[in-house]
Amino acid sequence: MEQFVSSLFQLFEVTHLLFLFGGTLLGLTVGILPGLGGTSGLALVLPFVFNLDPSHALAMMIGVLAPTTTSDTFPAVLMGIPGTSGSQATVMDGFPLSKQGMAARALSAAFFSSLLGGVFGALILSVSIYYAIPIIMTFGFGEQFLLILLALLMVGALTGENFVKGITACFLGLMIGSIGTAPITGDPRFTFGTLYLIEGVPLVIVGLGLFAIPEIVGLLDSKGAIAKSLTKQKGWLVGIKDVVKNWFIVLRCSTLGCIVGALPGLGGTVVDWIAYSHLRQTTKDTSQLGKGDIRGVIAPESANNAKEGGALIPTLLFGIPGSGNKVLLLGGFILIGIEPGLDMVTTHLDLTYLMIWSLAIANILGAGLCIGFASHISKITLIRYYILAPVMIVLIFFATFNINRDWYDFIGLLTFGLIGITFKNFGWSRPALLIGFFLSSKVELLSYQTQAVYGLSFISRPVSIILILLCVATLFLLLKQKFNKSYASDIIKNKKSQIYFVIFLMFFPFFMIWNIFHLDYRANLFPISLCIISIVLLMLIFTIKFLDIKKIKFLDKGIINFMNTNIYENNNGFNNQLFYYLSFIGYLGMNFLVGFPIASVFFINCFIIFHNKKDFKISICISLILLLVLWFLSSMLTLQFPNGVIGMFVDLPWWLGGSLN
Amino acid sequence: MFRTLIILIISIFTFSKNANAKVDFSGKNITWVVPFKEGGGTSRFARFIQPFLTKYLPGNPTIKIMHIPGGGAIKGSNYFQKNSKPDGTYLFGCSTSVIVNVATGNPLVEYNLSAYKPVLLLPQNTHWFTRSDLINKAHDITNLRKRKLVLYALKTPASADLFHIWVFDKLGIKGAKPIPGLSSSGGYQAFLRGEIHISSHGAANYVKKVKPEIEKGKVLDIMTLGIIGSDGKVTKNPLAPNAPTFPEMYEKVNGKALAGDDLEAFYSIAAAWSQASKSMLLPENTSDDIVNVYRNAAKQMVNDPDFKAKATKALGPFPLIIGEEAGAIIKKAAIFSDNTKKQLNKVLKKNRFTYRVK
């Protein structure tokens, strides 16, 4: 209790508040930009946090994470596009309300319920920390192993459009995660004798590549939906009154959000829909739902922010992430030297409480800013994407560079960017891939550890049985709800390239098996099993896709229909997005030639002027600011920027990539 | 450009054979390469020393810590080998794993560690302990030696944890079986859950996490590695004054004193594991003048009242090793004799590992 209070005082130190505030602002911004979310936001700050004191870093990371689910309501209500995957249900009633001229009411109701949900989540988290020690002590190797398997299964099954493809994405992630030193024997796997891959692919690279890059090209391709202007809107108070009137909905949905969030692997993608359908089932008058009922905004928003507190429970206690952004949060923990587990509730209890307080305060701050400055903040949605995108790309490159100062990282970034774009367009789950990647070494180790301590008897331990039952029940309930939608296969055009992609994916497991077959069985048993399972799953997907193309009739029946639902993804912009992606490769090439700072200036100007010649003033302004920032950073942090080929011939000033001494 | 020029001029001065040339770092930047991530043990060690070093080095230079993590600390170490200049403006932050990479003959190592000039070493010590229901009384391993299965945590055989395998083999704990992939804190958690039987911790965590459990009666000490003096004598660890050292335990169990190949292996292992746990070194070919300036600064630093007040909390209870003695320890730690390597490979084979020390 003493620490609970003392950490609050710690948080109110000026530096802490500054980091929290900075994080919150960044979180608000990435939440507003449609498509980007906590995962991309955290991936951007992660390369910088390890210069900080652990408690500052935590305040900043929580600051980024907490308000994204608050501010993502802006695009959901104003543009009808969910800002993050967690606000899909908010669009259902939020957008109609906005069309009826009640955008302000919808927004303030959303923000306020978001605030209440977030604080409620933090409260539940702090209570559960109190009871955590016995829980951690009952979770041995076997239980942890099961918990992770169940998390993977749930993520795979629920985040993807298609059940089988989601699971396969998990396995592909596990496979990528097995690159690097084999944890048991110390043999290098798939490293091709290089130093770069010895510790595996860096997490931030995978995060940025899979999430940020696809969203940016996606935005460029959409050419920007026009948002409604918020000036002269009234009804802010009405929204808050709505929330107060419906306090019971807020309480119920927050509880629901907390519980669903705490189930590892479920994460944020389904919680808003669960809250929405809960509302539908429990209200008498559903006639207005979907047409602009304020309760349809309150329910998902309170649930989707409350889940953050719940989701931190498995993250802190077991190091098992519930969603993509928790993966990066855990990556941040490792960077600042915090190991999840028992320490979080014993020796690091002060940091845990600091996080809880940060979560609560960031929520209040985020919602407060959103309500207070709504008309200003909403203008971010008006910035044209071709101006935003190159700046974001430069930012991503800068973050990437800051991880290891290694050129290979850029190649890795663009490779995962391409994987991300393809996965997004062809309907493969990216969160599943990321979580599989992150948990891979843990799964491998726990399987050996469980085997060494328990053999197979771990399954019959009481907690294991409870876990299995819990998982089966959730999967059954959620899948039933999720895949009740109808699926129209006929309107999808580029089925052939989606089939080719499956064949292309199949190449990798075969190559990997061939590559590590000679190793000791303790080094290759795990990756080879993964490869074989992946091949089987990919074959299955191929068969279903093939049958779908041939229009075989029995596909609509029972379990097969279930597997066939959404086996193809309807996408139109894939080729356009690839075109934008190519310009990023060009940018990387420029980096090689002239170094990072000059290449960035060149890239931003080219990109903006190519889209609209009239905007040259803006592009010049941006590049000047960029140079100023780079100069400032390089002198503050002794950063040396990547030096291009040009550096061999011309002696550049060090803040342009020349050498320091 | 301008900086390069200045540094060039200064380094020419430093290298002039003039014996009276005073080493002065005024206005210079010293780069301290740490081959680990920010926030790790070596990084914390460097950050703690950094302000004191600035204070006591002539000219009060700015010291910047450059973290180059990756490749199991090999990347940053190789970087240091290739990019450092022996003019006193480059420092290397070394730890047990950097040494073990060399000692075990990792083919990716390009750094010539044994030729580096150590300034100071920060020793560490290992405590081994077990659950109180497994042995009759503290420091008595008779029951453990009889048990069929004695599980313990092992990160990977390619790390310093390899030495655990050797230790348990020499103590005749036949049931000892490593559980791979467990860090020391993960291993301790599993130990508290009752899943593994022997666990170990460094001094800081021993005081913070293990002592309370010992007071509750749940955990009993087995032994410590012991503190090796400059004359090679091993004395008891003040943190667990009653616990025997490894050589004492060896004698008790085997009926003869630690000697011959076993003693040689113990000295090498103890040097890498304990005495040179963290260290600060200058590049090879650094002139004696510069090395001495650094060593003097280190000696002054240890007597700084502010340092004395904070050191135990930040660095642990063991005094820093400064000067000539440090060089011998690094050599012992980095170059394992063929007999020692043979011994390690033997226990690796016994535990069915394919990894070998080269």
# chains A, B, ... in the order shown; residues from 1 in each chain; ligands from 1
call {"tool": "select_by_dssp", "arguments": {"residues": "range 46-207 of chain A", "states": "helix (DSSP H, G or I)", "output": "CSV table (one decimal) with N, CA and C atoms, in the first residue's frame"}}
result
chain,number,residue,atom,x,y,z
A,46,LEU,N,10.2,2.7,-29.2
A,46,LEU,CA,11.0,1.7,-28.6
A,46,LEU,C,12.5,1.9,-28.8
A,47,PRO,N,12.9,2.3,-30.1
A,47,PRO,CA,14.4,2.4,-30.3
A,47,PRO,C,15.0,3.6,-29.5
A,48,PHE,N,14.1,4.4,-28.9
A,48,PHE,CA,14.6,5.6,-28.1
A,48,PHE,C,14.5,5.4,-26.6
A,49,VAL,N,13.6,4.5,-26.2
A,49,VAL,CA,13.4,4.5,-24.7
A,49,VAL,C,14.6,4.0,-23.9
A,54,PRO,N,14.4,3.6,-16.4
A,54,PRO,CA,13.3,2.7,-16.6
A,54,PRO,C,11.9,3.3,-16.2
A,55,SER,N,11.9,4.1,-15.1
A,55,SER,CA,10.5,4.6,-14.8
A,55,SER,C,10.0,5.6,-15.8
A,56,HIS,N,11.0,6.4,-16.3
A,56,HIS,CA,10.6,7.4,-17.4
A,56,HIS,C,10.1,6.6,-18.6
A,57,ALA,N,10.9,5.6,-19.0
A,57,ALA,CA,10.5,4.8,-20.2
A,57,ALA,C,9.2,4.2,-20.0
A,58,LEU,N,8.9,3.7,-18.8
A,58,LEU,CA,7.6,3.1,-18.6
A,58,LEU,C,6.5,4.1,-18.8
A,59,ALA,N,6.7,5.3,-18.1
A,59,ALA,CA,5.6,6.3,-18.2
A,59,ALA,C,5.4,6.7,-19.7
A,60,MET,N,6.4,6.7,-20.5
A,60,MET,CA,6.3,7.1,-21.9
A,60,MET,C,5.6,6.0,-22.6
A,61,MET,N,6.0,4.8,-22.4
A,61,MET,CA,5.4,3.7,-23.2
A,61,MET,C,3.9,3.5,-22.9
A,62,ILE,N,3.6,3.6,-21.6
A,62,ILE,CA,2.1,3.6,-21.2
A,62,ILE,C,1.4,4.8,-21.8
A,63,GLY,N,2.1,5.9,-21.8
A,63,GLY,CA,1.5,7.1,-22.3
A,63,GLY,C,1.1,6.9,-23.8
A,64,VAL,N,2.0,6.2,-24.5
A,64,VAL,CA,1.7,6.0,-26.0
A,64,VAL,C,0.5,5.0,-26.1
A,65,LEU,N,0.5,4.0,-25.2
A,65,LEU,CA,-0.4,2.9,-25.4
A,65,LEU,C,-1.8,3.3,-25.0
A,68,THR,N,-4.4,5.6,-27.4
A,68,THR,CA,-4.7,5.3,-28.8
A,68,THR,C,-6.2,4.8,-29.0
A,69,THR,N,-6.7,4.1,-28.0
A,69,THR,CA,-8.1,3.6,-28.1
A,69,THR,C,-9.1,4.7,-27.8
A,70,THR,N,-8.6,5.9,-27.3
A,70,THR,CA,-9.5,7.0,-27.1
A,70,THR,C,-9.5,7.8,-28.4
A,71,SER,N,-8.4,8.2,-28.9
A,71,SER,CA,-8.4,9.1,-30.0
A,71,SER,C,-8.7,8.4,-31.3
A,73,THR,N,-11.3,7.3,-32.0
A,73,THR,CA,-12.7,7.5,-32.2
A,73,THR,C,-12.8,8.7,-33.2
A,74,PHE,N,-11.9,9.6,-33.3
A,74,PHE,CA,-12.0,10.7,-34.3
A,74,PHE,C,-12.2,10.1,-35.7
A,75,PRO,N,-11.3,9.3,-36.3
A,75,PRO,CA,-11.6,8.9,-37.6
A,75,PRO,C,-12.9,8.0,-37.7
A,76,ALA,N,-13.1,7.2,-36.6
A,76,ALA,CA,-14.3,6.3,-36.6
A,76,ALA,C,-15.6,7.2,-36.7
A,77,VAL,N,-15.6,8.2,-36.0
A,77,VAL,CA,-16.9,9.0,-36.0
A,77,VAL,C,-16.9,10.0,-37.2
A,78,LEU,N,-15.8,10.6,-37.5
A,78,LEU,CA,-15.8,11.6,-38.5
A,78,LEU,C,-15.7,11.1,-39.9
A,85,SER,N,-7.9,-1.2,-34.8
A,85,SER,CA,-8.9,-2.3,-35.0
A,85,SER,C,-9.9,-2.3,-33.8
A,86,GLY,N,-9.6,-1.7,-32.7
A,86,GLY,CA,-10.4,-1.7,-31.6
A,86,GLY,C,-11.7,-0.8,-31.7
A,87,SER,N,-11.7,0.0,-32.7
A,87,SER,CA,-12.9,0.9,-32.8
A,87,SER,C,-13.8,0.6,-33.9
A,88,GLN,N,-13.7,-0.6,-34.4
A,88,GLN,CA,-14.6,-1.0,-35.5
A,88,GLN,C,-16.1,-0.9,-35.2
A,89,ALA,N,-16.4,-1.3,-33.9
A,89,ALA,CA,-17.8,-1.3,-33.6
A,89,ALA,C,-18.3,0.1,-33.3
A,90,THR,N,-17.4,1.0,-33.0
A,90,THR,CA,-17.7,2.4,-32.7
A,90,THR,C,-18.3,3.1,-34.0
A,91,VAL,N,-17.7,2.6,-35.1
A,91,VAL,CA,-18.2,3.2,-36.4
A,91,VAL,C,-19.7,2.9,-36.6
A,92,MET,N,-20.2,1.8,-36.1
A,92,MET,CA,-21.6,1.4,-36.4
A,92,MET,C,-22.6,2.4,-36.0
A,93,ASP,N,-22.4,3.1,-34.9
A,93,ASP,CA,-23.3,4.1,-34.5
A,93,ASP,C,-22.7,5.5,-34.5
A,94,GLY,N,-21.4,5.5,-34.4
A,94,GLY,CA,-20.7,6.8,-34.3
A,94,GLY,C,-20.8,7.6,-35.6
A,95,PHE,N,-20.6,6.9,-36.7
A,95,PHE,CA,-20.6,7.5,-38.0
A,95,PHE,C,-22.0,8.0,-38.4
A,96,PRO,N,-23.1,7.2,-38.2
A,96,PRO,CA,-24.4,7.7,-38.4
A,96,PRO,C,-24.7,9.0,-37.6
A,97,LEU,N,-24.3,8.9,-36.3
A,97,LEU,CA,-24.5,10.1,-35.5
A,97,LEU,C,-23.9,11.3,-36.1
A,98,SER,N,-22.7,11.1,-36.6
A,98,SER,CA,-22.0,12.3,-37.1
A,98,SER,C,-22.7,12.8,-38.4
A,99,LYS,N,-23.2,11.9,-39.2
A,99,LYS,CA,-24.0,12.3,-40.4
A,99,LYS,C,-25.2,13.0,-40.0
A,103,ALA,N,-21.9,14.9,-34.3
A,103,ALA,CA,-20.5,14.4,-34.2
A,103,ALA,C,-20.0,14.7,-32.8
A,104,ALA,N,-20.2,16.0,-32.3
A,104,ALA,CA,-19.7,16.4,-31.1
A,104,ALA,C,-20.2,15.6,-29.9
A,105,ARG,N,-21.5,15.3,-30.0
A,105,ARG,CA,-22.1,14.5,-28.9
A,105,ARG,C,-21.5,13.1,-28.9
A,106,ALA,N,-21.4,12.5,-30.1
A,106,ALA,CA,-20.8,11.1,-30.2
A,106,ALA,C,-19.4,11.1,-29.7
A,107,LEU,N,-18.6,12.1,-30.1
A,107,LEU,CA,-17.2,12.1,-29.7
A,107,LEU,C,-17.1,12.3,-28.2
A,108,SER,N,-17.8,13.2,-27.6
A,108,SER,CA,-17.6,13.5,-26.2
A,108,SER,C,-18.1,12.3,-25.4
A,109,ALA,N,-19.2,11.6,-25.8
A,109,ALA,CA,-19.7,10.4,-25.2
A,109,ALA,C,-18.6,9.4,-25.3
A,110,ALA,N,-18.0,9.2,-26.4
A,110,ALA,CA,-17.0,8.2,-26.6
A,110,ALA,C,-15.8,8.5,-25.7
A,111,PHE,N,-15.3,9.7,-25.7
A,111,PHE,CA,-14.1,10.0,-24.9
A,111,PHE,C,-14.4,9.8,-23.4
A,112,PHE,N,-15.6,10.2,-23.0
A,112,PHE,CA,-15.8,10.1,-21.6
A,112,PHE,C,-16.0,8.7,-21.2
A,113,SER,N,-16.7,7.9,-22.0
A,113,SER,CA,-16.8,6.5,-21.6
A,113,SER,C,-15.4,5.8,-21.7
A,114,SER,N,-14.6,6.2,-22.7
A,114,SER,CA,-13.3,5.7,-22.8
A,114,SER,C,-12.5,6.0,-21.5
A,115,LEU,N,-12.6,7.2,-21.1
A,115,LEU,CA,-11.9,7.6,-19.8
A,115,LEU,C,-12.3,6.7,-18.7
A,116,LEU,N,-13.7,6.6,-18.5
A,116,LEU,CA,-14.1,5.8,-17.4
A,116,LEU,C,-13.7,4.3,-17.5
A,117,GLY,N,-13.8,3.8,-18.7
A,117,GLY,CA,-13.3,2.4,-19.0
A,117,GLY,C,-11.8,2.3,-18.6
A,118,GLY,N,-11.0,3.2,-19.1
A,118,GLY,CA,-9.6,3.1,-18.9
A,118,GLY,C,-9.2,3.1,-17.4
A,119,VAL,N,-9.9,4.0,-16.7
A,119,VAL,CA,-9.6,4.1,-15.2
A,119,VAL,C,-10.1,2.9,-14.5
A,120,PHE,N,-11.2,2.4,-14.9
A,120,PHE,CA,-11.7,1.1,-14.4
A,120,PHE,C,-10.7,0.0,-14.6
A,121,GLY,N,-10.2,-0.1,-15.8
A,121,GLY,CA,-9.2,-1.1,-16.1
A,121,GLY,C,-8.0,-1.0,-15.2
A,122,ALA,N,-7.5,0.2,-15.0
A,122,ALA,CA,-6.4,0.4,-14.1
A,122,ALA,C,-6.7,0.0,-12.7
A,123,LEU,N,-7.9,0.2,-12.3
A,123,LEU,CA,-8.3,-0.2,-10.9
A,123,LEU,C,-8.3,-1.7,-10.8
A,124,ILE,N,-8.9,-2.4,-11.8
A,124,ILE,CA,-8.9,-3.8,-11.7
A,124,ILE,C,-7.5,-4.4,-11.7
A,125,LEU,N,-6.7,-3.8,-12.5
A,125,LEU,CA,-5.3,-4.2,-12.6
A,125,LEU,C,-4.6,-4.1,-11.2
A,126,SER,N,-4.8,-3.0,-10.6
A,126,SER,CA,-4.1,-2.8,-9.3
A,126,SER,C,-4.7,-3.8,-8.2
A,127,VAL,N,-6.0,-4.1,-8.3
A,127,VAL,CA,-6.5,-5.1,-7.4
A,127,VAL,C,-5.9,-6.5,-7.6
A,128,SER,N,-5.8,-6.8,-8.9
A,128,SER,CA,-5.4,-8.2,-9.2
A,128,SER,C,-3.9,-8.3,-8.9
A,129,ILE,N,-3.1,-7.3,-9.0
A,129,ILE,CA,-1.7,-7.4,-8.7
A,129,ILE,C,-1.6,-7.8,-7.2
A,130,TYR,N,-2.5,-7.4,-6.4
A,130,TYR,CA,-2.5,-7.7,-5.0
A,130,TYR,C,-2.6,-9.2,-4.7
A,132,ALA,N,-1.6,-11.5,-6.9
A,132,ALA,CA,-0.9,-12.1,-8.0
A,132,ALA,C,0.1,-13.2,-7.6
A,133,ILE,N,0.7,-13.0,-6.4
A,133,ILE,CA,1.8,-14.0,-6.1
A,133,ILE,C,1.3,-15.4,-6.1
A,134,PRO,N,0.2,-15.8,-5.4
A,134,PRO,CA,-0.2,-17.2,-5.5
A,134,PRO,C,-0.5,-17.6,-6.9
A,135,ILE,N,-1.1,-16.7,-7.7
A,135,ILE,CA,-1.3,-17.1,-9.1
A,135,ILE,C,0.0,-17.5,-9.8
A,136,ILE,N,1.0,-16.6,-9.7
A,136,ILE,CA,2.2,-16.9,-10.4
A,136,ILE,C,2.8,-18.2,-9.9
A,137,MET,N,2.7,-18.4,-8.6
A,137,MET,CA,3.3,-19.6,-8.0
A,137,MET,C,2.6,-20.9,-8.5
A,138,THR,N,1.3,-20.8,-8.9
A,138,THR,CA,0.7,-22.1,-9.4
A,138,THR,C,1.0,-22.3,-10.8
A,141,PHE,N,6.0,-24.5,-15.4
A,141,PHE,CA,6.3,-24.6,-16.8
A,141,PHE,C,5.2,-25.1,-17.6
A,142,GLY,N,4.5,-26.2,-17.1
A,142,GLY,CA,3.5,-26.8,-17.9
A,142,GLY,C,2.3,-25.9,-18.1
A,143,GLU,N,1.9,-25.2,-17.1
A,143,GLU,CA,0.8,-24.2,-17.2
A,143,GLU,C,1.1,-23.1,-18.1
A,144,GLN,N,2.3,-22.6,-18.0
A,144,GLN,CA,2.8,-21.5,-18.8
A,144,GLN,C,2.8,-21.9,-20.3
A,145,PHE,N,3.2,-23.2,-20.5
A,145,PHE,CA,3.3,-23.7,-21.9
A,145,PHE,C,1.9,-23.8,-22.5
A,146,LEU,N,1.0,-24.3,-21.7
A,146,LEU,CA,-0.4,-24.3,-22.1
A,146,LEU,C,-1.0,-23.0,-22.4
A,147,LEU,N,-0.7,-22.0,-21.5
A,147,LEU,CA,-1.2,-20.7,-21.6
A,147,LEU,C,-0.8,-20.1,-22.9
A,148,ILE,N,0.5,-20.3,-23.2
A,148,ILE,CA,1.0,-19.7,-24.5
A,148,ILE,C,0.4,-20.4,-25.7
A,149,LEU,N,0.3,-21.7,-25.6
A,149,LEU,CA,-0.4,-22.4,-26.8
A,149,LEU,C,-1.8,-21.9,-27.0
A,150,LEU,N,-2.5,-21.7,-25.9
A,150,LEU,CA,-3.9,-21.3,-26.0
A,150,LEU,C,-3.9,-19.8,-26.5
A,151,ALA,N,-3.0,-19.0,-26.0
A,151,ALA,CA,-2.9,-17.6,-26.5
A,151,ALA,C,-2.7,-17.6,-28.0
A,152,LEU,N,-1.8,-18.5,-28.5
A,152,LEU,CA,-1.5,-18.5,-29.9
A,152,LEU,C,-2.7,-19.0,-30.7
A,153,LEU,N,-3.4,-20.0,-30.2
A,153,LEU,CA,-4.5,-20.5,-30.8
A,153,LEU,C,-5.6,-19.5,-31.0
A,154,MET,N,-5.9,-18.8,-29.9
A,154,MET,CA,-6.9,-17.8,-29.9
A,154,MET,C,-6.6,-16.6,-30.8
A,155,VAL,N,-5.3,-16.2,-30.8
A,155,VAL,CA,-5.0,-15.1,-31.6
A,155,VAL,C,-5.2,-15.5,-33.1
A,156,GLY,N,-4.6,-16.7,-33.4
A,156,GLY,CA,-4.7,-17.2,-34.8
A,156,GLY,C,-6.2,-17.3,-35.2
A,157,ALA,N,-7.0,-17.8,-34.3
A,157,ALA,CA,-8.4,-18.1,-34.7
A,157,ALA,C,-9.2,-16.8,-34.8
A,158,LEU,N,-8.9,-15.8,-34.0
A,158,LEU,CA,-9.8,-14.7,-33.9
A,158,LEU,C,-9.3,-13.4,-34.6
A,159,THR,N,-8.0,-13.2,-34.8
A,159,THR,CA,-7.7,-12.0,-35.4
A,159,THR,C,-7.7,-12.1,-36.9
A,163,PHE,N,-10.2,-18.6,-40.2
A,163,PHE,CA,-9.7,-19.4,-39.1
A,163,PHE,C,-8.4,-20.1,-39.4
A,164,VAL,N,-8.4,-20.8,-40.5
A,164,VAL,CA,-7.2,-21.6,-40.9
A,164,VAL,C,-6.0,-20.7,-41.2
A,165,LYS,N,-6.3,-19.6,-41.9
A,165,LYS,CA,-5.2,-18.7,-42.3
A,165,LYS,C,-4.6,-18.0,-41.1
A,166,GLY,N,-5.5,-17.7,-40.1
A,166,GLY,CA,-5.0,-17.1,-38.8
A,166,GLY,C,-4.0,-18.0,-38.1
A,167,ILE,N,-4.4,-19.3,-38.0
A,167,ILE,CA,-3.5,-20.3,-37.3
A,167,ILE,C,-2.2,-20.4,-38.1
A,168,THR,N,-2.3,-20.5,-39.4
A,168,THR,CA,-1.1,-20.6,-40.2
A,168,THR,C,-0.2,-19.4,-40.0
A,169,ALA,N,-0.8,-18.2,-39.9
A,169,ALA,CA,0.0,-17.0,-39.7
A,169,ALA,C,0.8,-17.2,-38.4
A,170,CYS,N,0.1,-17.7,-37.4
A,170,CYS,CA,0.8,-18.0,-36.1
A,170,CYS,C,2.0,-18.9,-36.3
A,171,PHE,N,1.8,-19.9,-37.1
A,171,PHE,CA,2.9,-20.9,-37.2
A,171,PHE,C,4.1,-20.3,-38.1
A,172,LEU,N,3.7,-19.5,-39.1
A,172,LEU,CA,4.7,-18.8,-39.8
A,172,LEU,C,5.5,-17.8,-38.9
A,173,GLY,N,4.8,-17.2,-38.0
A,173,GLY,CA,5.5,-16.3,-37.0
A,173,GLY,C,6.4,-17.1,-36.1
A,174,LEU,N,6.0,-18.2,-35.7
A,174,LEU,CA,6.8,-19.1,-34.8
A,174,LEU,C,8.1,-19.5,-35.6
A,175,MET,N,7.9,-19.8,-36.9
A,175,MET,CA,9.0,-20.2,-37.7
A,175,MET,C,10.0,-19.0,-37.9
A,176,ILE,N,9.5,-17.8,-38.1
A,176,ILE,CA,10.5,-16.7,-38.2
A,176,ILE,C,11.2,-16.5,-36.9
A,177,GLY,N,10.4,-16.7,-35.8
A,177,GLY,CA,11.0,-16.5,-34.5
A,177,GLY,C,12.1,-17.5,-34.2
A,196,TYR,N,24.5,-10.9,-38.0
A,196,TYR,CA,23.3,-10.1,-37.9
A,196,TYR,C,22.2,-11.0,-37.3
A,197,LEU,N,22.0,-12.2,-37.8
A,197,LEU,CA,20.9,-13.0,-37.4
A,197,LEU,C,21.1,-13.8,-36.2
A,198,ILE,N,22.2,-13.7,-35.5
A,198,ILE,CA,22.5,-14.6,-34.4
A,198,ILE,C,21.5,-14.4,-33.3
A,199,GLU,N,21.1,-13.2,-33.1
A,199,GLU,CA,20.1,-13.0,-32.0
A,199,GLU,C,18.7,-12.9,-32.6
A,203,LEU,N,12.8,-7.3,-32.9
A,203,LEU,CA,11.4,-7.2,-32.7
A,203,LEU,C,10.8,-5.9,-33.3
A,204,VAL,N,11.5,-4.8,-33.1
A,204,VAL,CA,11.0,-3.5,-33.6
A,204,VAL,C,10.9,-3.5,-35.1
A,205,ILE,N,11.9,-4.2,-35.8
A,205,ILE,CA,11.9,-4.3,-37.2
A,205,ILE,C,10.6,-5.0,-37.7
A,206,VAL,N,10.3,-6.1,-37.0
A,206,VAL,CA,9.1,-6.9,-37.4
A,206,VAL,C,7.9,-6.0,-37.1
A,207,GLY,N,7.8,-5.3,-36.0
A,207,GLY,CA,6.7,-4.5,-35.6
A,207,GLY,C,6.4,-3.4,-36.6
call {"tool": "residues_around", "arguments": {"residues": "Thr312 in chain B", "least_positions_apart": "6", "cutoff": "12 Å", "atoms": "only C-alpha atoms", "output": "MDAnalysis selection string"}}
result
chainID B and resid 45 48 122 124 203:204 302 306 318:320
call {"tool": "interface_residues", "arguments": {"of": "chain B", "to": "chain A", "cutoff": "8 Å", "atoms": "only C-alpha atoms", "output": "PyMOL selection string"}}
result
chain B and resi 1+3-4+7+37-40+68-72+75+108+155-158+179-181+189-190+192-193+195-196+353-355
call {"tool": "write_last_selection", "arguments": {"atoms": "C-alpha atoms", "output": "compact mmCIF listing (two decimals), in the first residue's frame"}}
result
# COMPACT_ATOMS: atom_id res chain seq x y z
CA MET B 1 37.22 17.83 -39.68
CA ARG B 3 37.90 17.65 -34.29
CA THR B 4 39.83 15.07 -36.29
CA ILE B 7 42.68 14.67 -32.00
CA LYS B 37 22.07 -3.04 -24.53
CA GLU B 38 21.34 0.00 -22.50
CA GLY B 39 20.10 -0.95 -19.08
CA GLY B 40 22.03 -4.20 -18.74
CA ILE B 68 26.60 -1.69 -29.53
CA PRO B 69 24.48 -4.72 -28.66
CA GLY B 70 24.04 -7.80 -30.77
CA GLY B 71 25.56 -11.11 -31.75
CA GLY B 72 25.99 -12.26 -28.14
CA LYS B 75 29.36 -7.37 -32.55
CA LEU B 108 33.07 -15.23 -34.81
CA LYS B 155 20.87 -20.47 -19.92
CA THR B 156 22.81 -22.13 -22.73
CA PRO B 157 25.92 -24.29 -22.71
CA ALA B 158 27.61 -21.63 -24.83
CA ILE B 179 17.06 -27.29 -17.63
CA PRO B 180 18.03 -25.18 -20.60
CA GLY B 181 16.91 -21.70 -21.47
CA GLN B 189 11.14 -18.44 -9.95
CA ALA B 190 10.98 -22.07 -11.03
CA LEU B 192 10.53 -21.18 -5.67
CA ARG B 193 7.70 -23.01 -7.41
CA GLU B 195 10.18 -27.22 -10.12
CA ILE B 196 13.97 -27.25 -9.91
CA PHE B 353 25.33 -31.49 -25.30
CA THR B 354 26.67 -31.19 -28.83
CA TYR B 355 28.27 -27.83 -28.12
call {"tool": "residues_around", "arguments": {"residues": "range 595-600 of chain A", "least_positions_apart": "4", "cutoff": "10 Å", "atoms": "only C-alpha atoms", "output": "PyMOL selection string"}}
result
chain A and resi 390-391+393-395+397-398+401+586-591+604-606+623+626-627+630-631+640-647+652+655-658
call {"tool": "residues_around", "arguments": {"residues": "Phe129 in chain B", "least_positions_apart": "2", "cutoff": "9 Å", "atoms": "only C-alpha atoms", "output": "PyMOL selection string"}}
result
chain B and resi 127+131+138-139+197-201+210+219-224
call {"tool": "residues_around", "arguments": {"residues": "Ser132 in chain B", "least_positions_apart": "2", "cutoff": "7 Å", "atoms": "only C-alpha atoms", "output": "list of chain:residue names"}}
result
B:Thr130, B:Leu134, B:Ile135, B:Gly217, B:Lys218, B:Val219, B:Leu220
